[in-house]
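Asker: The structure under discussion is supplied below as structure tokens; questions concerning it will follow.
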Amino acid sequence: MTILISSCSTKFSNQIEVEGGIVEGVKTDSMMIFKGIPFAKPPVGELRWKAPQPVEPWEGVKVADKFAKGPIQGSEKPEDFSEDCLYLNVWTPAKSAEDNLPVMVWIYGGGFSFGSTSDPSHDGELLAKNGVVVVSIAYRVGNLGFLAHPELSAEDPNHVSGNYGILDQIAGLKWVKNNISKFGGNPNKVTIFGESAGGISVSILCASPLAKGLFCGAISQSGGSFGPARQTTYPGENMKTLAMAEADGQQIAEKLGANSLAELRAMDASKFAGSDMSGFGAWPIVDGYVIKDDQYKLYEKGDFNDVDILVGYNSDEGASFGFGDTPETHVQNVTTRYGKFADTLLKVYPQEEGVLNKTARDLMRDAAFGWQTWAWCCLQSRIGKSNVYLYYFDQHPADSDGSWHGQDVNFVFQHISQPEVDAQLSKAMGIYWTNFAKFGNPNGENSQLPEWPKFTEQNPKVMHLTGPTPFVDNVPSENAMKVLDKYFEWRRTSEGAEWAK
């Protein structure tokens, strides 16, 4: 055994045996940290564009004291990334394997084209000090993580292709299930959490049958995936269909001059992340296997993993994803995207005369994030049995209109020390998040923070995360959100689907 036990006390060694062999982490005064633990075989060569395979055993002790390279992606520093990228990290404050602490598994964002576990804002040490084991898992991104192609589907036993990045996440969660008890974590008390593409991944995992039983709670920050699947190259609000993704894969192969799958696999991995790949957005795919269907429809049927959820979004996400730089281009883009709903949406999300103000930008915020979480909460509170909590993050400098996309991440991971008002909110969010992991309830036991009520359709209350003291209030732009309800409902009709073509 690599966990040392004596008659006087039960203590950890910084060497722990996991699937594949022994890893050696770093011991600090408050915890042990393991970085760069492999959880699957490197997805290279013939394993490129295949589901992750069991990790290869190694001899001796693998030193796990630094992050592995991130997945291949467009970058000014290609030396920081590798196709060999399926590694995870563990921060554990446990004093023994018997501590049985709740586990929080982080999934990074980056639009499914960027991201890595080594981002300093994702370092889990400070969050783990709240009494949880924190794990961060890597997954393939871009066209190495989400390329579909008819030949790939033909060779796959399930006749699908393209969702390798999601399968990596599931493999990481299986590793947690099988190994985390050795780090003092409870494999039956796992909460997944992520932001942006990571938050969308959390949403997808909550609906995938392949992830059933791997977690009991889910936190999605600026995520959700409840819009209809795209039918064509129209920039829809959600995932591609398998047919559309396969067609994109054929175009990528043609653009790269590859005449076969073997030639694609023989190419340097960097070719799939260069500027030549613009126009082929990597994104999860409704394949009928990993992702069975339009998630909204799955939830309507009760076909989802019914776990406790805590979900939300930031107050000015639209500042990061605008619909044009001027009021004129904004109107043009809304008209193009929303068809017969454009005039109504321009009224409920009005812009000031000659100014593309925050209220106008909120249409982008809600279409991409706010409505997705609103729909998720409404559906799950109506159909499911688990707890539902909704938040609205609105902590921003005085010279800005609201909180931009991704601003919340450092607050959750406790990387805020100044100003004091931000530090207080960061501490509160750390307590709320870890209470949720411990109890399925952000209020926890004997919490001194404001009570966070469950969300129901009859009482759709939201926790406004604003410092120094969060408060409960109504859903922002609720009436406008209901117009988006109608728009997405229309997009699911034959008329709306035909219009989107």
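Residues are referred to by chain and number: the chain letter is A, B, ... according to the order shown in the structure tokens, the number counts from 1 in that chain, and ligands are numbered separately from 1 in the order shown.
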Enumerate as a count of residues only all residues of segment 93-233 of chain A assigned to alpha helix (DSSP H) by DSSP on the backbone, naming them with the chain letters and numbers the document uses.

Answerer: 42

Asker: What are the closest atom pairs, with distances in Å to one decimal, for each residue of segment 133-209 of chain A lying within 12 Å of segment 410-418 of chain A, using only C-alpha atoms, rows by chain and rising residue number, as CSV?

Answerer:
```
residue,atom,partner,partner_atom,distance
A:Val134,CA,A:Phe413,CA,10.3
A:Phe193,CA,A:Val412,CA,10.5
A:Gly194,CA,A:Val412,CA,10.5
A:Glu195,CA,A:Val412,CA,10.5
```

Asker: I need the residues from that last selection saved to file as a PDB file, in the first residue's frame (with C-alpha atoms), if you can.

Answerer:
```
ATOM      1  CA  VAL A 134     -10.767  19.764  -6.062  1.00  0.00           C
ATOM      2  CA  PHE A 193     -18.545  22.555 -12.211  1.00  0.00           C
ATOM      3  CA  GLY A 194     -17.388  24.641 -15.139  1.00  0.00           C
ATOM      4  CA  GLU A 195     -17.649  28.008 -16.879  1.00  0.00           C
TER       5      GLU A 195
END
```

Asker: Write down as a ChimeraX atom specification the residues of segment 116-306 of chain A whose backbone DSSP state falls under strand (DSSP E or B).

Answerer: /A:133-137,185-195,217-221,230,240-241,285-286

Asker: Can you pull out the residues contacting Ser153 of chain A? Cut-off 12 Å, using only C-alpha atoms, and skip same-chain residues under 2 positions away; I want them as a VMD selection string.

Answerer: chain A and resid 49 to 51 147 to 151 155 to 163 242 to 243 245 to 247 249 261 287 289

Asker: Write the residues of the selection above to a file with N, CA and C atoms, as an mmCIF file, in the first residue's frame.

Answerer:
```cif
data_model
loop_
_atom_site.group_PDB
_atom_site.id
_atom_site.type_symbol
_atom_site.label_atom_id
_atom_site.label_comp_id
_atom_site.auth_asym_id
_atom_site.auth_seq_id
_atom_site.Cartn_x
_atom_site.Cartn_y
_atom_site.Cartn_z
ATOM 1 N N TRP A 49 -8.935 10.956 -32.738
ATOM 2 C CA TRP A 49 -10.368 10.881 -33.047
ATOM 3 C C TRP A 49 -10.968 9.519 -32.680
ATOM 4 N N LYS A 50 -10.514 9.005 -31.553
ATOM 5 C CA LYS A 50 -11.169 7.829 -30.987
ATOM 6 C C LYS A 50 -11.477 8.120 -29.526
ATOM 7 N N ALA A 51 -12.437 7.387 -28.978
ATOM 8 C CA ALA A 51 -12.781 7.538 -27.567
ATOM 9 C C ALA A 51 -11.547 7.269 -26.721
ATOM 10 N N LEU A 147 -13.923 16.836 -34.286
ATOM 11 C CA LEU A 147 -14.048 16.588 -35.717
ATOM 12 C C LEU A 147 -14.912 15.360 -35.968
ATOM 13 N N ALA A 148 -15.933 15.532 -36.786
ATOM 14 C CA ALA A 148 -16.738 14.402 -37.244
ATOM 15 C C ALA A 148 -16.443 14.182 -38.723
ATOM 16 N N HIS A 149 -16.639 12.954 -39.190
ATOM 17 C CA HIS A 149 -16.373 12.623 -40.590
ATOM 18 C C HIS A 149 -17.071 11.289 -40.875
ATOM 19 N N PRO A 150 -17.621 11.102 -42.066
ATOM 20 C CA PRO A 150 -18.298 9.828 -42.362
ATOM 21 C C PRO A 150 -17.408 8.612 -42.125
ATOM 22 N N GLU A 151 -16.105 8.705 -42.459
ATOM 23 C CA GLU A 151 -15.210 7.569 -42.235
ATOM 24 C C GLU A 151 -15.007 7.299 -40.750
ATOM 25 N N GLU A 155 -16.124 3.711 -38.764
ATOM 26 C CA GLU A 155 -15.236 2.833 -38.009
ATOM 27 C C GLU A 155 -15.642 2.718 -36.544
ATOM 28 N N ASP A 156 -16.514 3.605 -36.073
ATOM 29 C CA ASP A 156 -16.906 3.611 -34.660
ATOM 30 C C ASP A 156 -17.992 2.570 -34.407
ATOM 31 N N PRO A 157 -17.885 1.798 -33.319
ATOM 32 C CA PRO A 157 -18.901 0.772 -33.038
ATOM 33 C C PRO A 157 -20.307 1.332 -32.835
ATOM 34 N N ASN A 158 -20.401 2.616 -32.467
ATOM 35 C CA ASN A 158 -21.713 3.240 -32.287
ATOM 36 C C ASN A 158 -22.118 4.094 -33.494
ATOM 37 N N HIS A 159 -21.274 4.081 -34.539
ATOM 38 C CA HIS A 159 -21.556 4.765 -35.810
ATOM 39 C C HIS A 159 -21.731 6.267 -35.622
ATOM 40 N N VAL A 160 -20.908 6.841 -34.761
ATOM 41 C CA VAL A 160 -20.929 8.286 -34.524
ATOM 42 C C VAL A 160 -19.493 8.792 -34.500
ATOM 43 N N SER A 161 -19.336 10.097 -34.567
ATOM 44 C CA SER A 161 -18.013 10.703 -34.432
ATOM 45 C C SER A 161 -18.166 12.136 -33.956
ATOM 46 N N GLY A 162 -17.083 12.669 -33.397
ATOM 47 C CA GLY A 162 -17.036 14.097 -33.118
ATOM 48 C C GLY A 162 -17.080 14.553 -31.681
ATOM 49 N N ASN A 163 -17.576 13.750 -30.762
ATOM 50 C CA ASN A 163 -17.716 14.224 -29.375
ATOM 51 C C ASN A 163 -16.588 13.720 -28.476
ATOM 52 N N LEU A 242 -25.250 15.582 -36.420
ATOM 53 C CA LEU A 242 -24.157 14.733 -36.876
ATOM 54 C C LEU A 242 -23.935 14.906 -38.377
ATOM 55 N N ALA A 243 -25.010 15.001 -39.139
ATOM 56 C CA ALA A 243 -24.872 15.158 -40.593
ATOM 57 C C ALA A 243 -24.141 16.448 -40.946
ATOM 58 N N ALA A 245 -22.056 18.100 -38.982
ATOM 59 C CA ALA A 245 -20.679 17.999 -38.515
ATOM 60 C C ALA A 245 -19.851 17.120 -39.450
ATOM 61 N N GLU A 246 -20.426 16.041 -39.947
ATOM 62 C CA GLU A 246 -19.710 15.181 -40.893
ATOM 63 C C GLU A 246 -19.399 15.935 -42.183
ATOM 64 N N ALA A 247 -20.343 16.740 -42.642
ATOM 65 C CA ALA A 247 -20.108 17.540 -43.852
ATOM 66 C C ALA A 247 -18.975 18.535 -43.628
ATOM 67 N N GLY A 249 -16.535 18.080 -41.571
ATOM 68 C CA GLY A 249 -15.308 17.277 -41.533
ATOM 69 C C GLY A 249 -14.795 16.948 -42.921
ATOM 70 N N LEU A 261 -8.796 8.929 -44.234
ATOM 71 C CA LEU A 261 -8.677 9.085 -42.791
ATOM 72 C C LEU A 261 -7.236 8.819 -42.345
ATOM 73 N N ASP A 287 -25.417 13.528 -31.566
ATOM 74 C CA ASP A 287 -25.047 12.325 -32.317
ATOM 75 C C ASP A 287 -25.947 11.129 -32.021
ATOM 76 N N TYR A 289 -25.893 9.393 -29.386
ATOM 77 C CA TYR A 289 -25.196 8.465 -28.499
ATOM 78 C C TYR A 289 -24.662 9.181 -27.262
#
```

Asker: I'd like the contact shell of Ala282 of chain A - 6 Å cut-off, only C-alpha atoms, skipping same-chain residues fewer than 2 positions apart - returned as a VMD selection string.

Answerer: chain A and resid 142 to 143 146

Asker: Selected residues, N, CA, C and O atoms, written as a short mmCIF file (atom, residue, chain, number, x, y, z; two decimals), in the first residue's frame, please.

Answerer:
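Listed below is the output, selection23.cif:
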```cif
data_model
loop_
_atom_site.label_atom_id
_atom_site.label_comp_id
_atom_site.auth_asym_id
_atom_site.auth_seq_id
_atom_site.Cartn_x
_atom_site.Cartn_y
_atom_site.Cartn_z
N GLY A 142 -11.12 21.93 -30.06
CA GLY A 142 -10.96 22.21 -31.48
C GLY A 142 -11.26 20.99 -32.33
O GLY A 142 -12.02 20.10 -31.95
N ASN A 143 -10.63 20.93 -33.50
CA ASN A 143 -10.92 19.84 -34.42
C ASN A 143 -10.29 18.52 -34.01
O ASN A 143 -10.65 17.47 -34.55
N PHE A 146 -13.39 17.56 -31.64
CA PHE A 146 -14.79 17.54 -32.10
C PHE A 146 -14.95 17.37 -33.61
O PHE A 146 -16.00 17.67 -34.15
#
```

Asker: Mind checking which residues fall within 12 Å of segment 423-432 of chain A, counting only C-alpha atoms, ignoring those fewer than 6 positions away in the same chain, and posting them as a PyMOL selection string?

Answerer: chain A and resi 104+124-132+219+310+389-396+407-417+438-452+463-471

Asker: Go ahead and compute the interatomic distance for atom CA of Val190 of chain A and atom CA of Asn435 of chain A, in Å to one decimal.

Answerer: 12.5 Å

Asker: Just how far from atom CA of Pro187 of chain A is atom CA of Ser13 of chain A, in Å to one decimal?

Answerer: 19.9 Å

Asker: For each of A:Lys62, A:Arg365, A:Lys174, A:His122, take the minimum atom-to-atom distance to Ala480 of chain A, counting only C-alpha atoms, then give the residue where this is smallest.

Answerer: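 Nearest candidate to Ala480 of chain A out of A:Lys62, A:Arg365, A:Lys174, A:His122: A:Arg365.
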
Asker: What is the atom CA of Met239 of chain A to atom CA of Arg492 of chain A distance in Å?

Answerer: 13.6 Å

Asker: Kindly indicate which residue among A:Ile291, A:Leu256, A:Ala229, A:Val311 lies nearest to Arg491 of chain A, using only C-alpha atoms for the distances.

Answerer: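 Ranking A:Ile291, A:Leu256, A:Ala229, A:Val311 by distance to Arg491 of chain A, first place goes to A:Ala229.
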
Asker: Per residue of segment 69-88 of chain A within 12 Å of segment 29-37 of chain A, record the nearest atom pair and its distance in Å to one decimal, counting only C-alpha atoms, with rows in chain order and ascending residue number, as JSON lines.

Answerer:
```
{"residue": "A:Lys69", "atom": "CA", "partner": "A:Gly36", "partner_atom": "CA", "distance": 8.5}
{"residue": "A:Gly70", "atom": "CA", "partner": "A:Gly36", "partner_atom": "CA", "distance": 10.3}
{"residue": "A:Asp84", "atom": "CA", "partner": "A:Gly36", "partner_atom": "CA", "distance": 11.3}
{"residue": "A:Cys85", "atom": "CA", "partner": "A:Gly36", "partner_atom": "CA", "distance": 9.2}
{"residue": "A:Leu86", "atom": "CA", "partner": "A:Ile37", "partner_atom": "CA", "distance": 8.5}
{"residue": "A:Tyr87", "atom": "CA", "partner": "A:Ile37", "partner_atom": "CA", "distance": 5.1}
{"residue": "A:Leu88", "atom": "CA", "partner": "A:Ile37", "partner_atom": "CA", "distance": 5.2}
```

Asker: Write out the residues from the selection above, keeping C-alpha atoms, as a PDB file, in the first residue's frame.

Answerer:
```
ATOM      1  CA  LYS A  69       0.710  20.438 -21.492  1.00  0.00           C
ATOM      2  CA  GLY A  70      -2.721  21.619 -22.600  1.00  0.00           C
ATOM      3  CA  ASP A  84      -0.835  14.046 -25.549  1.00  0.00           C
ATOM      4  CA  CYS A  85      -3.036  15.997 -23.136  1.00  0.00           C
ATOM      5  CA  LEU A  86      -5.322  13.705 -21.125  1.00  0.00           C
ATOM      6  CA  TYR A  87      -4.177  14.483 -17.598  1.00  0.00           C
ATOM      7  CA  LEU A  88      -5.839  15.717 -14.419  1.00  0.00           C
TER       8      LEU A  88
END
```

Asker: Could you pull the residues within 10 Å of Pro57 of chain A, counting only C-alpha atoms, minus those fewer than 5 positions along the same chain, as a list of chain:residue names?

Answerer: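 Final neighbour list, sorted by chain and number: A:Val18, A:Glu19, A:Gly20, A:Gly21, A:Ile22, A:Pro38, A:Lys41.
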
Asker: Show me, as a short mmCIF file (atom, residue, chain, number, x, y, z; two decimals) with all heavy atoms, in the first residue's frame, the residues that have an atom within 10 Å of Gly354 of chain A when counting only C-alpha atoms, minus same-chain residues fewer than 6 positions from it.

Answerer:
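Ended up saving to selection_38.cif:
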```cif
data_model
loop_
_atom_site.label_atom_id
_atom_site.label_comp_id
_atom_site.auth_asym_id
_atom_site.auth_seq_id
_atom_site.Cartn_x
_atom_site.Cartn_y
_atom_site.Cartn_z
N THR A 326 -21.92 48.95 -33.86
CA THR A 326 -22.72 50.17 -33.92
C THR A 326 -24.19 49.81 -33.76
O THR A 326 -24.58 48.66 -33.98
CB THR A 326 -22.53 50.89 -35.27
OG1 THR A 326 -23.11 50.08 -36.31
CG2 THR A 326 -21.05 51.13 -35.56
N PRO A 327 -25.03 50.80 -33.41
CA PRO A 327 -26.47 50.54 -33.32
C PRO A 327 -27.04 50.00 -34.63
O PRO A 327 -27.93 49.14 -34.62
CB PRO A 327 -27.05 51.91 -32.96
CG PRO A 327 -25.94 52.61 -32.26
CD PRO A 327 -24.69 52.15 -32.93
N GLU A 328 -26.51 50.49 -35.75
CA GLU A 328 -27.03 50.06 -37.04
C GLU A 328 -26.72 48.58 -37.32
O GLU A 328 -27.60 47.81 -37.73
CB GLU A 328 -26.43 50.93 -38.16
CG GLU A 328 -26.88 52.39 -38.14
CD GLU A 328 -26.23 53.19 -37.02
OE1 GLU A 328 -25.13 52.80 -36.56
OE2 GLU A 328 -26.83 54.21 -36.60
#
```

Asker: Let me make sure I understand: among A:Thr329, A:Asn100, A:Thr373, A:Thr335, which one has the smallest atom-to-atom distance to Tyr296 of chain A if we use only C-alpha atoms?

Answerer: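 With only C-alpha atoms as the atom set, the closest residue is A:Thr373.
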